$ cat entry-v7.txt   # compact mmCIF, C-alpha atoms
# COMPACT_ATOMS: atom_id res chain seq x y z
CA MET A 254 148.29 84.13 47.63
CA SER A 255 146.29 85.55 50.46
CA GLN A 256 147.12 84.45 53.93
CA ARG A 257 144.37 82.89 55.99
CA LYS A 258 143.77 84.77 59.19
CA GLU A 259 143.76 82.48 62.16
CA LEU A 260 141.04 82.99 64.72
CA SER A 261 142.18 83.56 68.25
CA PRO A 262 141.14 80.79 70.63
CA GLN A 263 138.02 81.44 72.70
CA PRO A 264 138.36 81.98 76.42
CA PRO A 265 137.85 78.73 78.27
CA ILE A 266 134.68 79.95 80.02
CA LEU A 267 132.88 80.51 76.68
CA ARG A 268 133.72 76.99 75.51
CA GLN A 269 132.14 75.48 78.57
CA PRO A 270 128.54 74.26 78.43
CA PRO A 271 126.00 76.75 79.79
CA THR A 272 125.48 76.52 83.51
CA HIS A 273 122.37 77.11 85.61
CA LEU A 274 121.80 80.47 87.18
CA PRO A 275 122.49 80.63 90.89
CA ASP A 276 119.44 79.96 93.01
CA TYR A 277 119.42 83.43 94.52
CA VAL A 278 119.28 84.99 91.02
CA VAL A 279 116.36 82.75 90.01
CA LEU A 280 114.45 83.59 93.17
CA ASN A 281 115.13 87.28 92.67
CA ILE A 282 113.61 87.09 89.19
CA LEU A 283 110.63 85.06 90.34
CA SER A 284 109.91 87.45 93.19
CA ARG A 285 109.29 90.24 90.67
CA LEU A 286 106.82 88.38 88.46
CA PRO A 287 103.01 88.57 88.59
CA VAL A 288 101.18 86.06 90.77
CA LYS A 289 99.88 83.96 87.85
CA SER A 290 103.37 83.57 86.39
CA VAL A 291 104.88 82.58 89.74
CA LEU A 292 102.21 79.91 90.24
CA ARG A 293 103.04 78.35 86.88
CA PHE A 294 106.73 78.07 87.79
CA ARG A 295 105.85 75.86 90.76
CA CYS A 296 105.53 73.02 88.25
CA VAL A 297 109.10 73.35 86.94
CA HIS A 298 110.79 71.47 89.78
CA LYS A 299 110.13 70.36 93.32
CA SER A 300 112.82 72.69 94.59
CA TRP A 301 111.15 75.64 92.83
CA ASN A 302 107.80 74.77 94.37
CA SER A 303 109.43 74.50 97.80
CA SER A 304 111.12 77.89 97.38
CA ILE A 305 107.99 79.66 96.09
CA THR A 306 105.81 78.40 98.95
CA ASN A 307 108.41 79.46 101.52
CA SER A 308 107.23 82.27 103.80
CA ASN A 309 110.38 84.33 103.16
CA PHE A 310 109.80 84.25 99.40
CA ILE A 311 106.12 85.15 99.86
CA SER A 312 107.11 88.19 101.94
CA THR A 313 109.75 89.27 99.39
CA HIS A 314 107.24 88.95 96.54
CA LEU A 315 104.71 90.98 98.53
CA ASN A 316 107.21 93.77 99.20
CA ASN A 317 108.20 93.93 95.52
CA ASN A 318 104.56 93.96 94.45
CA SER A 319 103.74 96.72 96.96
CA ASN A 320 106.62 98.87 95.73
CA ASN A 321 105.51 98.42 92.13
CA ASN A 322 101.97 99.52 92.98
CA GLU A 323 103.27 102.59 94.77
CA ASN A 324 105.49 103.64 91.87
CA ASP A 325 103.09 102.80 89.00
CA SER A 326 100.21 105.24 88.72
CA ASP A 327 98.65 103.77 85.56
CA ASP A 328 98.32 100.08 86.52
CA ASP A 329 96.62 100.33 89.88
CA ARG A 330 94.46 97.45 91.05
CA ALA A 331 92.54 100.07 92.85
CA TYR A 332 89.36 98.55 94.19
CA LEU A 333 87.60 95.30 94.93
CA ILE A 334 83.83 95.60 94.70
CA HIS A 335 81.64 92.99 96.36
CA MET A 336 78.46 92.08 94.50
CA PRO A 337 75.60 90.22 96.23
CA ALA A 338 74.67 86.68 95.16
CA MET A 339 71.38 87.71 93.53
CA TYR A 340 73.29 89.59 90.82
CA SER A 341 75.82 86.84 90.14
CA PRO A 342 75.26 84.52 87.13
CA SER A 343 76.53 81.57 89.18
CA SER A 344 74.32 82.46 92.18
CA ASN A 345 77.51 82.90 94.20
CA PRO A 346 78.63 86.33 95.41
CA VAL A 347 81.21 87.89 93.12
CA CYS A 348 84.11 90.21 93.83
CA MET A 349 84.95 92.51 90.94
CA VAL A 350 88.48 93.91 90.78
CA ALA A 351 89.32 97.07 88.88
CA CYS A 352 92.62 96.45 87.10
CA ASP A 353 93.36 100.12 86.45
CA ARG A 354 92.51 103.43 88.07
CA LYS A 355 89.95 104.29 85.39
CA PHE A 356 88.01 101.04 85.92
CA ASN A 357 88.33 100.15 82.23
CA ARG A 358 89.53 96.59 82.93
CA ILE A 359 87.51 94.49 85.34
CA SER A 360 88.27 91.00 86.65
CA GLU A 361 85.76 88.83 88.48
CA TYR A 362 86.49 86.46 91.37
CA PRO A 363 83.49 84.32 92.43
CA ILE A 364 83.53 83.57 96.14
CA PRO A 365 84.16 79.79 96.40
CA SER A 366 81.05 77.70 96.92
CA GLU A 367 83.05 75.57 99.39
CA LEU A 368 82.75 78.40 101.88
CA HIS A 369 78.96 77.86 102.05
CA LEU A 370 78.27 81.55 102.58
CA ASN A 371 74.69 82.66 101.98
CA CYS A 372 75.09 86.38 102.65
CA PRO A 373 78.78 87.21 103.18
CA GLU A 374 80.14 90.66 103.89
CA ILE A 375 83.63 91.91 103.16
CA VAL A 376 85.25 92.99 106.41
CA GLY A 377 88.32 94.40 104.68
CA SER A 378 91.23 93.64 102.40
CA CYS A 379 94.99 94.03 102.76
CA ASN A 380 98.00 92.53 100.96
CA GLY A 381 95.80 90.45 98.67
CA LEU A 382 93.81 88.86 101.50
CA VAL A 383 90.07 89.43 101.78
CA CYS A 384 88.30 88.89 105.09
CA LEU A 385 84.75 87.58 104.64
CA ALA A 386 82.20 87.36 107.44
CA GLN A 387 78.71 85.95 107.72
CA TYR A 388 77.04 87.03 110.93
CA GLY A 389 74.65 84.61 112.59
CA ASN A 390 71.01 85.26 113.30
CA GLY A 391 70.82 82.81 116.18
CA SER A 392 68.70 80.25 114.31
CA THR A 393 69.24 79.38 110.64
CA ILE A 394 72.56 81.11 109.89
CA ALA A 395 75.72 80.42 111.85
CA GLU A 396 78.47 82.98 112.26
CA VAL A 397 81.60 82.23 110.28
CA ILE A 398 84.66 84.29 109.26
CA TYR A 399 87.13 83.43 106.48
CA VAL A 400 90.40 84.86 105.22
CA TRP A 401 90.53 84.37 101.45
CA ASN A 402 93.16 85.05 98.77
CA PRO A 403 91.25 85.14 95.46
CA SER A 404 94.44 85.39 93.38
CA ILE A 405 95.70 81.95 94.44
CA ARG A 406 92.29 80.47 95.41
CA LYS A 407 93.28 79.74 98.99
CA PHE A 408 91.14 80.33 102.06
CA LYS A 409 91.21 79.72 105.78
CA ARG A 410 88.26 79.46 108.14
CA LEU A 411 88.78 81.17 111.47
CA PRO A 412 87.90 79.35 114.70
CA ASP A 413 84.71 80.32 116.51
CA THR A 414 84.91 83.59 118.41
CA CYS A 415 84.67 84.01 122.17
CA LEU A 416 81.72 86.42 122.08
CA SER A 417 78.75 84.63 120.56
CA GLN A 418 75.93 86.68 122.14
CA TYR A 419 75.45 90.16 120.70
CA ASP A 420 72.85 92.48 119.24
CA SER A 421 75.21 94.12 116.76
CA VAL A 422 78.79 93.72 115.67
CA ALA A 423 81.56 95.71 113.96
CA THR A 424 84.61 94.00 112.49
CA GLY A 425 87.97 95.07 111.07
CA PHE A 426 90.85 93.37 109.23
CA ALA A 427 94.44 94.62 109.35
CA TYR A 428 98.08 93.83 108.64
CA GLN A 429 100.58 93.94 111.52
CA CYS A 430 103.80 95.01 109.85
CA GLU A 431 106.06 94.57 112.88
CA ASN A 432 105.46 90.80 113.01
CA ASN A 433 104.33 90.25 109.41
CA ASP A 434 100.99 89.02 110.73
CA TYR A 435 97.27 89.62 110.20
CA LYS A 436 94.52 90.41 112.71
CA VAL A 437 90.74 90.43 112.77
CA VAL A 438 89.12 92.68 115.38
CA LYS A 439 85.50 92.09 116.38
CA ILE A 440 83.54 94.57 118.52
CA SER A 441 80.28 93.21 119.88
CA SER A 442 77.45 95.16 121.48
CA LEU A 443 74.78 93.79 123.80
CA ARG A 444 71.87 95.86 125.07
CA ALA A 445 72.15 96.26 128.80
CA PRO A 446 68.97 96.38 130.93
CA ASN A 447 68.30 99.64 132.79
CA ARG A 448 71.29 101.36 131.15
CA PRO A 449 71.26 104.00 128.38
CA GLU A 450 74.37 102.64 126.68
CA ASP A 451 75.17 99.17 125.34
CA GLU A 452 77.73 96.79 126.79
CA VAL A 453 80.57 96.87 124.26
CA GLU A 454 83.27 94.17 124.22
CA ALA A 455 86.11 93.35 121.84
CA GLU A 456 88.20 90.36 120.81
CA VAL A 457 91.18 89.96 118.48
CA TYR A 458 92.15 87.07 116.20
CA THR A 459 95.83 86.63 115.24
CA LEU A 460 96.53 84.59 112.11
CA SER A 461 99.91 83.21 113.24
CA LEU A 462 98.38 81.97 116.52
CA ASN A 463 95.07 80.92 114.94
CA SER A 464 93.21 81.96 118.08
CA TRP A 465 91.00 84.70 119.56
CA ARG A 466 91.51 86.62 122.78
CA ARG A 467 89.48 89.28 124.54
CA VAL A 468 90.77 92.86 124.66
CA GLY A 469 89.55 95.61 126.96
CA ILE A 470 88.34 98.94 125.60
CA SER A 471 89.86 101.53 127.91
CA LEU A 472 89.69 105.23 127.03
CA ARG A 473 89.72 108.27 129.34
CA PRO A 474 88.58 108.01 132.99
CA ASN A 475 84.80 107.90 133.34
CA VAL A 476 84.40 107.56 129.55
CA VAL A 477 82.97 104.46 127.90
CA VAL A 478 82.14 103.48 124.32
CA SER A 479 78.35 103.51 124.16
CA ASN A 480 77.89 102.50 120.55
CA ILE A 481 79.68 101.84 117.26
CA LYS A 482 78.52 102.34 113.70
CA TYR A 483 77.93 98.62 113.24
CA TYR A 484 77.85 96.50 110.11
CA SER A 485 80.22 98.87 108.34
CA SER A 486 83.80 98.17 107.37
CA ALA A 487 86.65 99.57 109.43
CA THR A 488 89.22 101.94 107.94
CA PHE A 489 92.86 100.85 108.19
CA VAL A 490 95.47 103.62 108.12
CA ASN A 491 98.58 104.51 110.16
CA LYS A 492 98.82 100.94 111.50
CA ALA A 493 95.41 101.24 113.15
CA LEU A 494 91.79 100.32 112.49
CA HIS A 495 89.10 103.01 112.83
CA TRP A 496 85.33 103.02 113.34
CA LEU A 497 82.82 105.83 113.77
CA GLY A 498 81.32 105.56 117.23
CA TYR A 499 79.83 107.26 120.26
CA ILE A 500 81.02 107.75 123.83
CA SER A 501 79.22 108.41 127.10
CA GLU A 502 80.65 110.43 129.96
CA GLY A 503 79.70 110.72 133.62
CA ASP A 504 77.46 107.67 134.05
CA GLY A 505 75.64 108.32 130.82
CA GLN A 506 74.74 111.96 131.44
CA PHE A 507 76.42 113.00 128.16
CA LEU A 508 75.31 110.48 125.57
CA ASN A 509 76.13 109.81 121.94
CA GLN A 510 79.02 112.16 121.38
CA ASN A 511 80.46 111.42 117.95
CA MET A 512 84.04 110.17 117.90
CA ILE A 513 86.41 107.84 116.07
CA LEU A 514 87.42 104.65 117.86
CA SER A 515 90.91 103.45 116.90
CA PHE A 516 92.72 100.17 117.48
CA ASP A 517 96.53 99.98 117.18
CA VAL A 518 97.30 96.55 115.71
CA ASN A 519 100.87 96.55 117.02
CA ASN A 520 100.07 97.01 120.73
CA ASP A 521 96.38 95.93 120.75
CA LYS A 522 95.29 99.19 122.40
CA PHE A 523 92.08 101.10 121.74
CA GLY A 524 92.11 104.88 121.48
CA GLU A 525 89.83 107.84 120.84
CA ILE A 526 90.11 110.45 118.08
CA ALA A 527 87.89 113.51 118.44
CA LEU A 528 86.03 114.78 115.38
CA PRO A 529 86.62 118.39 114.31
CA ARG A 530 84.42 121.15 115.64
CA GLY A 531 82.38 123.53 113.54
CA GLN A 532 80.38 121.07 111.45
CA VAL A 533 77.23 123.22 111.53
CA LEU A 534 75.88 123.95 108.06
CA PRO A 535 73.79 126.89 106.83
CA GLN A 536 70.14 126.97 107.96
CA GLY A 537 71.23 125.35 111.22
CA LEU A 538 71.75 121.89 109.70
CA VAL A 539 74.31 119.66 111.38
CA ALA A 540 76.83 117.74 109.30
CA VAL A 541 76.51 114.01 109.93
CA PRO A 542 79.67 111.88 109.50
CA GLN A 543 78.63 109.16 107.08
CA SER A 544 81.80 107.20 106.51
CA LEU A 545 85.50 107.06 107.28
CA MET A 546 88.02 106.67 104.48
CA VAL A 547 91.67 106.90 103.54
CA PHE A 548 92.24 109.98 101.39
CA LYS A 549 95.69 109.87 99.76
CA GLY A 550 97.18 108.00 102.69
CA LYS A 551 95.53 110.08 105.44
CA LEU A 552 92.60 109.46 107.77
CA ALA A 553 89.51 111.27 106.51
CA PHE A 554 85.74 111.22 106.67
CA ILE A 555 82.85 112.46 104.58
CA THR A 556 79.81 114.23 106.04
CA PHE A 557 76.32 114.89 104.75
CA GLY A 558 73.94 117.44 106.17
CA TYR A 559 70.57 116.27 107.40
CA PRO A 560 68.63 115.70 104.16
CA VAL A 561 65.81 117.94 103.03
CA ILE A 562 62.35 116.35 102.69
CA TYR A 563 60.43 117.34 99.54
CA HIS A 564 57.04 115.77 98.70
CA GLY A 565 57.90 112.73 100.77
CA TYR A 566 61.31 112.26 99.14
CA MET A 567 64.67 112.72 100.79
CA LEU A 568 66.86 115.14 98.83
CA THR A 569 70.56 115.77 99.39
CA HIS A 570 70.47 119.51 98.67
CA THR A 571 73.06 120.08 101.35
CA PRO A 572 76.67 119.61 100.22
CA CYS A 573 79.05 116.83 101.19
CA PHE A 574 82.18 117.84 103.06
CA ILE A 575 85.46 115.93 103.11
CA TRP A 576 87.59 116.36 106.23
CA VAL A 577 91.22 115.16 106.27
CA MET A 578 93.54 114.80 109.27
CA GLY A 579 96.81 116.27 108.03
CA GLU A 580 98.96 114.90 110.88
CA TYR A 581 97.70 111.67 112.35
CA GLY A 582 96.61 111.97 115.96
CA VAL A 583 96.75 115.78 116.03
CA HIS A 584 93.25 117.16 116.47
CA GLU A 585 94.21 120.65 115.27
CA SER A 586 95.27 119.22 111.89
CA TRP A 587 91.68 118.39 110.82
CA ASN A 588 91.00 120.34 107.65
CA LYS A 589 87.84 120.61 105.55
CA LEU A 590 89.39 120.18 102.12
CA PHE A 591 86.40 119.87 99.80
CA SER A 592 82.73 120.75 99.54
CA VAL A 593 80.92 118.66 96.93
CA GLN A 594 77.42 119.41 95.66
CA PHE A 595 75.64 116.60 93.81
CA GLU A 596 72.81 117.84 91.60
CA ASN A 597 69.57 116.11 90.53
CA VAL A 598 69.84 113.27 93.01
CA ILE A 599 67.47 111.85 95.60
CA ARG A 600 70.12 110.01 97.54
CA VAL A 601 73.90 109.67 97.62
CA HIS A 602 75.73 106.69 99.09
CA PHE A 603 79.49 106.66 99.58
CA TYR A 604 81.42 103.39 99.04
CA GLY A 605 85.08 104.29 99.21
CA CYS A 606 88.00 106.29 97.94
CA THR A 607 90.82 105.17 95.63
CA LYS A 608 94.42 105.85 96.56
CA HIS A 609 94.43 108.66 93.96
CA GLY A 610 91.60 110.46 95.76
CA GLU A 611 88.60 109.64 93.55
CA LEU A 612 85.38 109.02 95.46
CA LEU A 613 83.28 105.95 94.61
CA VAL A 614 79.67 107.07 94.95
CA GLU A 615 76.20 105.75 94.17
CA LYS A 616 73.80 108.44 92.96
CA GLU A 617 70.07 107.77 92.92
CA LEU A 618 68.73 110.09 90.26
CA LYS A 619 65.51 112.10 90.38
CA THR A 620 63.20 113.44 87.72
CA GLU A 621 60.26 115.81 87.70
CA SER A 622 56.95 115.40 85.88
CA ASP A 623 55.42 118.06 83.69
CA ASP A 624 53.44 119.42 86.64
CA GLY A 625 56.63 119.81 88.69
CA GLU A 626 55.99 116.85 90.96
CA LEU A 627 59.08 114.90 91.95
CA GLN A 628 59.21 111.36 90.55
CA ARG A 629 61.46 108.57 91.64
CA CYS A 630 63.03 107.07 88.53
CA ASN A 631 64.70 104.12 90.30
CA ASP A 632 67.87 104.74 88.32
CA SER A 633 71.15 104.58 90.22
CA VAL A 634 74.63 105.00 88.84
CA ILE A 635 78.00 104.18 90.38
CA VAL A 636 80.50 106.90 89.55
CA SER A 637 84.03 107.85 90.39
CA PHE A 638 84.27 111.51 91.32
CA ASP A 639 87.42 113.58 91.64
CA PRO A 640 86.74 116.32 94.23
CA GLU A 641 89.73 118.35 93.00
CA THR A 642 88.87 118.49 89.27
CA LEU A 643 85.12 117.77 89.68
CA HIS A 644 85.51 115.17 86.93
CA GLU A 645 82.90 112.40 87.12
CA LYS A 646 82.85 109.04 85.34
CA ASP A 647 80.08 106.46 85.18
CA LEU A 648 81.78 103.14 86.01
CA GLY A 649 79.16 101.13 84.16
CA ILE A 650 78.48 98.80 87.09
CA GLN A 651 74.99 97.41 86.46
CA HIS A 652 74.13 96.36 90.01
CA LEU A 653 74.70 98.04 93.32
CA PRO A 654 77.69 96.74 95.29
CA LEU A 655 77.75 96.00 98.98
CA ILE A 656 81.20 97.40 99.70
CA ALA A 657 84.34 98.58 97.93
CA THR A 658 87.86 98.26 99.30
CA SER A 659 91.46 98.44 98.10
CA PHE A 660 93.04 95.30 96.67
CA MET A 661 96.31 93.94 95.29
CA GLU A 662 97.44 90.49 94.17
CA SER A 663 99.78 88.49 96.39
CA LEU A 664 100.93 84.99 97.36
CA VAL A 665 99.93 85.33 101.02
CA LEU A 666 98.42 82.05 102.34
CA LEU A 667 100.29 80.01 99.69
CA ASP A 668 102.29 78.38 102.49
CA GLY A 669 99.17 77.14 104.24
CA ALA A 670 95.34 77.27 104.32
CA THR A 671 93.00 75.18 102.19
$ encode --input "entry-v7.txt" --output "structure tokens"
Amino acid sequence: MSQRKELSPQPPILRQPPTHLPDYVVLNILSRLPVKSVLRFRCVHKSWNSSITNSNFISTHLNNNSNNNENDSDDDRAYLIHMPAMYSPSSNPVCMVACDRKFNRISEYPIPSELHLNCPEIVGSCNGLVCLAQYGNGSTIAEVIYVWNPSIRKFKRLPDTCLSQYDSVATGFAYQCENNDYKVVKISSLRAPNRPEDEVEAEVYTLSLNSWRRVGISLRPNVVVSNIKYYSSATFVNKALHWLGYISEGDGQFLNQNMILSFDVNNDKFGEIALPRGQVLPQGLVAVPQSLMVFKGKLAFITFGYPVIYHGYMLTHTPCFIWVMGEYGVHESWNKLFSVQFENVIRVHFYGCTKHGELLVEKELKTESDDGELQRCNDSVIVSFDPETLHEKDLGIQHLPLIATSFMESLVLLDGAT
């Protein structure tokens, strides 16, 4: 007769009913989930909703999301592309977001109709927030600036600015890491009578204070900012915003010297960065800085030579050069890394640069008739171009964008705004 083997008693803890996970473990898990998943978990319990909308949790989720984007090279929400309203099926402007570095997966975020924006421009984007501006024309369109998080459908309208009278304006949007805050910088220019240079003034909006204040633009002695490349987005790198601009020295006797105007978002100070020397091209052409950009985490700019005119058409036969500042703030570290020649094009327009170094470029193609006359074919393509490998890819974007800028999903503004 076989003996029945008795089972050893279970430890008391295994006989107990399952218990809830500690709150800190739950929050740790939630802080590593995608934005859409986190938003769904707000409905589980009031305490979960309270924890998720807490500013500390939002910051933790942002840091985790930023680290994931830095370490993951395949899933890179690289660029947000702003499409004008005329090309949108809903008659509202649309922001398209590339969900991978090859632009194979595209998401669309219509700009909310509640914002009542007729012709908005994207000032910039950081940490999932998009700054939208509509500049007034003094009669039918009023100036308004919004901060918008398309991932959670929250937005905030900024109060009216101090400087309402201007002929042109340049704006920038940045993250202040020291105080976990966000700033909008607006540089206004007003034509001054009997003076060769404009009157340039600046003001700064701080999100946590929800207010604007004027900031002086002070550079070297006897040097003033005479102009800025207006209506173009600022470049944010090394905790500073940057614009292409011009300075005047000695009561205007040296006018329109190219330079880069910087603004440190931590101390609210403007500065000047000199462009590299030796930008003269063959045949005596002068390289013209077209746009600033961030090339693999460093301040850079792209230059075109003065275009060649052929049968009334403007041809970019001269190459494009990409200059990169190896060590930020050190003028001697400027280096001309690449020379890019685009063939069979009438015009080239630069939109941006992904964090992997691919250029986003519009190429307006040209054709020739049988008799050799140049014909404008009105065909433009948006391509990503790798200046290192010379690999080019048509992104398949049917309509021309207004601007392209980096983007990532986040919960920022979940603890406030509309």
$ closest_residue --input "entry-v7.txt" --among "A:Cys348, A:Val397, A:Leu514, A:Ala427" --to "Ser378 (chain A)" --atoms "only C-alpha atoms"
A:Ala427
$ atom_distance --input "entry-v7.txt" --atom1 "CA of His602 (chain A)" --atom2 "CA of Val614 (chain A)"
5.7 Å
$ atom_distance --input "entry-v7.txt" --atom1 "CA of Ile555 (chain A)" --atom2 "CA of Phe591 (chain A)"
9.5 Å
$ closest_residue --input "entry-v7.txt" --among "A:Phe426, A:Phe356, A:Phe595, A:Tyr458" --to "Thr488 (chain A)" --atoms "all atoms listed in the file"
A:Phe426
$ residues_around --input "entry-v7.txt" --residues "Phe310 (chain A)" --least-positions-apart "3" --cutoff "10 Å" --atoms "all atoms listed in the file" --output "ChimeraX atom specification"
/A:280-281,283-284,303-307,313-316,664
$ write_last_selection --input "entry-v7.txt" --atoms "C-alpha atoms" --output "compact mmCIF listing (two decimals), in the frame of the given file"
# COMPACT_ATOMS: atom_id res chain seq x y z
CA LEU A 280 114.45 83.59 93.17
CA ASN A 281 115.13 87.28 92.67
CA LEU A 283 110.63 85.06 90.34
CA SER A 284 109.91 87.45 93.19
CA SER A 303 109.43 74.50 97.80
CA SER A 304 111.12 77.89 97.38
CA ILE A 305 107.99 79.66 96.09
CA THR A 306 105.81 78.40 98.95
CA ASN A 307 108.41 79.46 101.52
CA THR A 313 109.75 89.27 99.39
CA HIS A 314 107.24 88.95 96.54
CA LEU A 315 104.71 90.98 98.53
CA ASN A 316 107.21 93.77 99.20
CA LEU A 664 100.93 84.99 97.36
$ residues_near_point --input "entry-v7.txt" --point "(76.4, 110.1, 107.2)" --cutoff "6 Å" --atoms "all atoms listed in the file" --output "mmCIF file with C-alpha atoms, in the frame of the given file"
data_model
loop_
_atom_site.group_PDB
_atom_site.id
_atom_site.type_symbol
_atom_site.label_atom_id
_atom_site.label_comp_id
_atom_site.auth_asym_id
_atom_site.auth_seq_id
_atom_site.Cartn_x
_atom_site.Cartn_y
_atom_site.Cartn_z
ATOM 1 C CA VAL A 541 76.510 114.010 109.930
ATOM 2 C CA PRO A 542 79.670 111.880 109.500
ATOM 3 C CA GLN A 543 78.630 109.160 107.080
ATOM 4 C CA THR A 556 79.810 114.230 106.040
ATOM 5 C CA PHE A 557 76.320 114.890 104.750
#
$ atom_distance --input "entry-v7.txt" --atom1 "CA of Asn318 (chain A)" --atom2 "CA of Phe516 (chain A)"
26.6 Å
$ residues_around --input "entry-v7.txt" --residues "Arg410 (chain A)" --least-positions-apart "5" --cutoff "7 Å" --atoms "only C-alpha atoms" --output "NGL selection string"
:A and (398-400)
$ closest_residue --input "entry-v7.txt" --among "A:Thr642, A:Ser515, A:Asn475, A:Ser319" --to "Gly582 (chain A)" --atoms "all atoms listed in the file"
A:Ser515
$ closest_residue --input "entry-v7.txt" --among "A:Ile405, A:Leu494, A:Val453, A:Val437" --to "Pro287 (chain A)" --atoms "only C-alpha atoms"
A:Ile405
$ residues_around --input "entry-v7.txt" --residues "Ser659 (chain A)" --least-positions-apart "3" --cutoff "12 Å" --atoms "only C-alpha atoms" --output "JSON, numbers by chain"
{"A": [322, 329, 330, 331, 332, 333, 334, 335, 348, 349, 350, 351, 352, 353, 354, 375, 376, 377, 378, 379, 380, 381, 382, 383, 488, 489, 490, 546, 547, 604, 605, 606, 607, 608, 609, 613, 656, 662]}
$ build_atoms --input "entry-v7.txt" --residues "region 585-596 of chain A" --atoms "N, CA, C and O atoms" --output "PDB file, keeping the file's coordinate frame"
ATOM      1  N   GLU A 585      94.188 119.347 115.942  1.00  0.00           N
ATOM      2  CA  GLU A 585      94.210 120.650 115.270  1.00  0.00           C
ATOM      3  C   GLU A 585      94.486 120.531 113.771  1.00  0.00           C
ATOM      4  O   GLU A 585      94.331 121.509 113.030  1.00  0.00           O
ATOM      5  N   SER A 586      94.921 119.366 113.303  1.00  0.00           N
ATOM      6  CA  SER A 586      95.270 119.220 111.890  1.00  0.00           C
ATOM      7  C   SER A 586      94.082 118.810 111.025  1.00  0.00           C
ATOM      8  O   SER A 586      94.230 118.643 109.818  1.00  0.00           O
ATOM      9  N   TRP A 587      92.876 118.643 111.639  1.00  0.00           N
ATOM     10  CA  TRP A 587      91.680 118.390 110.820  1.00  0.00           C
ATOM     11  C   TRP A 587      91.461 119.562 109.885  1.00  0.00           C
ATOM     12  O   TRP A 587      91.523 120.719 110.299  1.00  0.00           O
ATOM     13  N   ASN A 588      91.180 119.280 108.628  1.00  0.00           N
ATOM     14  CA  ASN A 588      91.000 120.340 107.650  1.00  0.00           C
ATOM     15  C   ASN A 588      89.882 119.954 106.696  1.00  0.00           C
ATOM     16  O   ASN A 588      89.867 118.849 106.152  1.00  0.00           O
ATOM     17  N   LYS A 589      88.926 120.856 106.508  1.00  0.00           N
ATOM     18  CA  LYS A 589      87.840 120.610 105.550  1.00  0.00           C
ATOM     19  C   LYS A 589      88.343 120.973 104.159  1.00  0.00           C
ATOM     20  O   LYS A 589      88.368 122.133 103.763  1.00  0.00           O
ATOM     21  N   LEU A 590      88.741 119.941 103.404  1.00  0.00           N
ATOM     22  CA  LEU A 590      89.390 120.180 102.120  1.00  0.00           C
ATOM     23  C   LEU A 590      88.421 120.479 100.991  1.00  0.00           C
ATOM     24  O   LEU A 590      88.678 121.324 100.135  1.00  0.00           O
ATOM     25  N   PHE A 591      87.287 119.761 100.946  1.00  0.00           N
ATOM     26  CA  PHE A 591      86.400 119.870  99.800  1.00  0.00           C
ATOM     27  C   PHE A 591      84.946 119.990 100.241  1.00  0.00           C
ATOM     28  O   PHE A 591      84.538 119.449 101.268  1.00  0.00           O
ATOM     29  N   SER A 592      84.183 120.702  99.425  1.00  0.00           N
ATOM     30  CA  SER A 592      82.730 120.750  99.540  1.00  0.00           C
ATOM     31  C   SER A 592      82.166 120.341  98.191  1.00  0.00           C
ATOM     32  O   SER A 592      82.432 120.982  97.170  1.00  0.00           O
ATOM     33  N   VAL A 593      81.408 119.248  98.180  1.00  0.00           N
ATOM     34  CA  VAL A 593      80.920 118.660  96.930  1.00  0.00           C
ATOM     35  C   VAL A 593      79.401 118.756  96.905  1.00  0.00           C
ATOM     36  O   VAL A 593      78.726 118.338  97.857  1.00  0.00           O
ATOM     37  N   GLN A 594      78.862 119.306  95.819  1.00  0.00           N
ATOM     38  CA  GLN A 594      77.420 119.410  95.660  1.00  0.00           C
ATOM     39  C   GLN A 594      76.973 118.506  94.522  1.00  0.00           C
ATOM     40  O   GLN A 594      77.371 118.695  93.376  1.00  0.00           O
ATOM     41  N   PHE A 595      76.185 117.483  94.829  1.00  0.00           N
ATOM     42  CA  PHE A 595      75.640 116.600  93.810  1.00  0.00           C
ATOM     43  C   PHE A 595      74.256 117.102  93.412  1.00  0.00           C
ATOM     44  O   PHE A 595      73.383 117.300  94.257  1.00  0.00           O
ATOM     45  N   GLU A 596      74.057 117.291  92.104  1.00  0.00           N
ATOM     46  CA  GLU A 596      72.810 117.840  91.600  1.00  0.00           C
ATOM     47  C   GLU A 596      71.910 116.726  91.062  1.00  0.00           C
ATOM     48  O   GLU A 596      72.378 115.683  90.616  1.00  0.00           O
TER      49      GLU A 596
END
